[in-house]
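Worksheet: the structure to be examined is printed underneath.
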Amino acid sequence: MSVVLQSLDPLPMQGPELGVHADDVQTPDMEQESKQEVLENKDVIVQHVHIDGLGRTKEDCLTYEIAGVFRAKNLIDVMKRAHEARQKLLRLGIFRQVEVVIDTSQGVDALPNGLDVTFEVTELRRMTGSYNTMVGNNEGSMVLGLKLPNVFGRAEKLTFQFSYGTKETSYGLSFFKPQPGHFEQLGCLARTASFAVREESGHSLKSSLSHAMVIDTRNSTILPRRGALLKINQELAGYTGGDASFLKEDFELQFNKRLFWDSVLSASLWGGCLLPIGDKPTCIADRFYLGGPTSVRGFSMYSIGPQSEGDYLGGEVYWAGAVHLYTPLPFRPGKGGFGDLFRTHFFLNAGNLCNLNYGDGPRAHLSKLAECIRWSYGAGIVLRLGNIARLELNYCIPMGVQSGDR
């Protein structure tokens, strides 16, 4: 007995009259009828799940998507869970087609009520492209797109888009890497989550008003050689509904100065404060986090500040500063060409993150922010990827490490 699963829609109970009489119908033998009854109404065991048609896709990234099939208890449950697994496989965006075949188990280890489920998949092409034209607002543009699905075999996606218009030209490069087993990006807390994190679980609604002001005179956002940046963000929550009430302020300040020998000195300062309104404490999702290549190098991402059982809880106030010196590569290889995309990088980072008792005065606040400062220094090489991003390879020496920091 085998079942090809393409849809869970019920079969019609009646059909058109085809001129077939009851005498012409052969009654199925009792052995087939008994076996069908066992599979439909009795308990069954899914012994094996196969995925046929895999080329560059790694099997380990599909384990989570098909794991539910093994928990099925009867044939109807197997069909339902197999259909759900099929939808999950299609959701990955790496298969053009997925079909399901359910059959009785074969082989020496086959059980009388054992089933084998086979997913027959067809992978997408290694490369797909698109071409579009857009006209509007007295401007016309041509858009070329290139997509490489499943680049490394684990549902990664690399996309490139080039837009050529009558007023401006732009291009973008994106890389997507899903987390194994969490392609929908939503789920329950892990078993190892600390009690402080579990206290934050549950429904919450935030309604807020935000304001941002940016003054940017830099000649480049990736590797500026001159100019300054001032960015101020403000957020007020609690007066337009929801159960979150706070006032949040943060800023970023940056100066860039060109020096001798085509070197550039850059200095940056960040800071922020989160003030709860009312008696309810702030939420873990609204607090500040510190650590990582975008703030204090040499420390893991968001691994500075208050923590509980290995989970970092963020802080209500922080500051961070950095001084960078960018110079050309030694002996200027590739000068005037590809070599100008690289810069030698020397840096010094520092910062701190904590919670404050707002009943204390400003002097106590400043004293707490000056305690246990984390800082690091090091050197490396920076590669400018057009006006999109920068790639750094640094050697960092973290200093002022506190207990629990990574």
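Chain identifiers are assigned as A, B, and so on, following the order in which chains appear in the structure tokens; residues are numbered from 1 within each chain, and ligands are numbered from 1 in order of appearance.
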
* Please identify all polymer residues within 9 Å of region 216-221 of chain A, counting only C-alpha atoms, omitting same-chain residues fewer than 2 positions from it, and present them as a ChimeraX atom specification. => /A:214,223-231,255-256,387-389

* Compile the contact shell of Leu325 (chain A) as an NGL selection string: residues with an atom at most 8 Å away, counting only C-alpha atoms, same-chain residues fewer than 6 positions apart removed. => :A and (263-266 or 345-347)

* To do: Based on DSSP run over this structure's backbone, return all residues of region 162-392 of chain A in alpha helix (DSSP H), as a ChimeraX atom specification.
  => /A:195-198,362-369

Taking N, CA and C atoms for each residue, export the selection above as an mmCIF file, in the first residue's frame.
```cif
data_model
loop_
_atom_site.group_PDB
_atom_site.id
_atom_site.type_symbol
_atom_site.label_atom_id
_atom_site.label_comp_id
_atom_site.auth_asym_id
_atom_site.auth_seq_id
_atom_site.Cartn_x
_atom_site.Cartn_y
_atom_site.Cartn_z
ATOM 1 N N PHE A 195 16.057 32.699 35.034
ATOM 2 C CA PHE A 195 14.781 33.125 35.616
ATOM 3 C C PHE A 195 14.512 34.593 35.314
ATOM 4 N N ALA A 196 15.580 35.398 35.254
ATOM 5 C CA ALA A 196 15.395 36.817 34.950
ATOM 6 C C ALA A 196 14.827 37.024 33.553
ATOM 7 N N VAL A 197 15.203 36.173 32.607
ATOM 8 C CA VAL A 197 14.657 36.252 31.252
ATOM 9 C C VAL A 197 13.242 35.708 31.221
ATOM 10 N N ARG A 198 12.981 34.622 31.975
ATOM 11 C CA ARG A 198 11.631 34.048 32.006
ATOM 12 C C ARG A 198 10.618 35.040 32.578
ATOM 13 N N PRO A 362 23.455 63.244 40.328
ATOM 14 C CA PRO A 362 24.286 63.109 39.121
ATOM 15 C C PRO A 362 25.701 62.650 39.424
ATOM 16 N N ARG A 363 26.268 63.076 40.554
ATOM 17 C CA ARG A 363 27.636 62.679 40.881
ATOM 18 C C ARG A 363 27.732 61.168 41.085
ATOM 19 N N ALA A 364 26.726 60.583 41.736
ATOM 20 C CA ALA A 364 26.717 59.131 41.923
ATOM 21 C C ALA A 364 26.564 58.400 40.592
ATOM 22 N N HIS A 365 25.782 58.986 39.694
ATOM 23 C CA HIS A 365 25.616 58.363 38.379
ATOM 24 C C HIS A 365 26.933 58.358 37.612
ATOM 25 N N LEU A 366 27.622 59.478 37.588
ATOM 26 C CA LEU A 366 28.885 59.554 36.878
ATOM 27 C C LEU A 366 29.923 58.627 37.499
ATOM 28 N N SER A 367 29.901 58.501 38.814
ATOM 29 C CA SER A 367 30.842 57.617 39.484
ATOM 30 C C SER A 367 30.606 56.162 39.091
ATOM 31 N N LYS A 368 29.340 55.758 38.970
ATOM 32 C CA LYS A 368 29.042 54.379 38.594
ATOM 33 C C LYS A 368 29.411 54.100 37.145
ATOM 34 N N LEU A 369 29.215 55.092 36.272
ATOM 35 C CA LEU A 369 29.592 54.899 34.865
ATOM 36 C C LEU A 369 31.096 54.840 34.676
#
```

* Which of these residues is nearest to Tyr326 (chain A), using only C-alpha atoms: A:Lys257, A:Arg374, A:Lys206, A:Arg287? -> A:Lys257

* Phe176 (chain A) environment, 8 Å, only C-alpha atoms, sequence neighbours closer than 3 positions dropped, as a PyMOL selection string -> chain A and resi 156-158

Write to file, as a short mmCIF file (atom, residue, chain, number, x, y, z; two decimals), in the first residue's frame, the residues of the selection just made, with N, CA and C atoms.
```cif
data_model
loop_
_atom_site.label_atom_id
_atom_site.label_comp_id
_atom_site.auth_asym_id
_atom_site.auth_seq_id
_atom_site.Cartn_x
_atom_site.Cartn_y
_atom_site.Cartn_z
N GLU A 156 21.09 29.35 2.58
CA GLU A 156 21.59 30.72 2.47
C GLU A 156 21.16 31.31 1.13
N LYS A 157 21.13 32.63 1.10
CA LYS A 157 20.72 33.30 -0.14
C LYS A 157 21.57 34.54 -0.35
N LEU A 158 22.12 34.68 -1.55
CA LEU A 158 22.91 35.84 -1.93
C LEU A 158 22.19 36.56 -3.06
#
```

* May I ask for the distance between CA of Leu89 (chain A) and CA of Glu65 (chain A), given in Å to one decimal place? =>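 Separation of CA of Leu89 (chain A) and CA of Glu65 (chain A): 6.5 Å.
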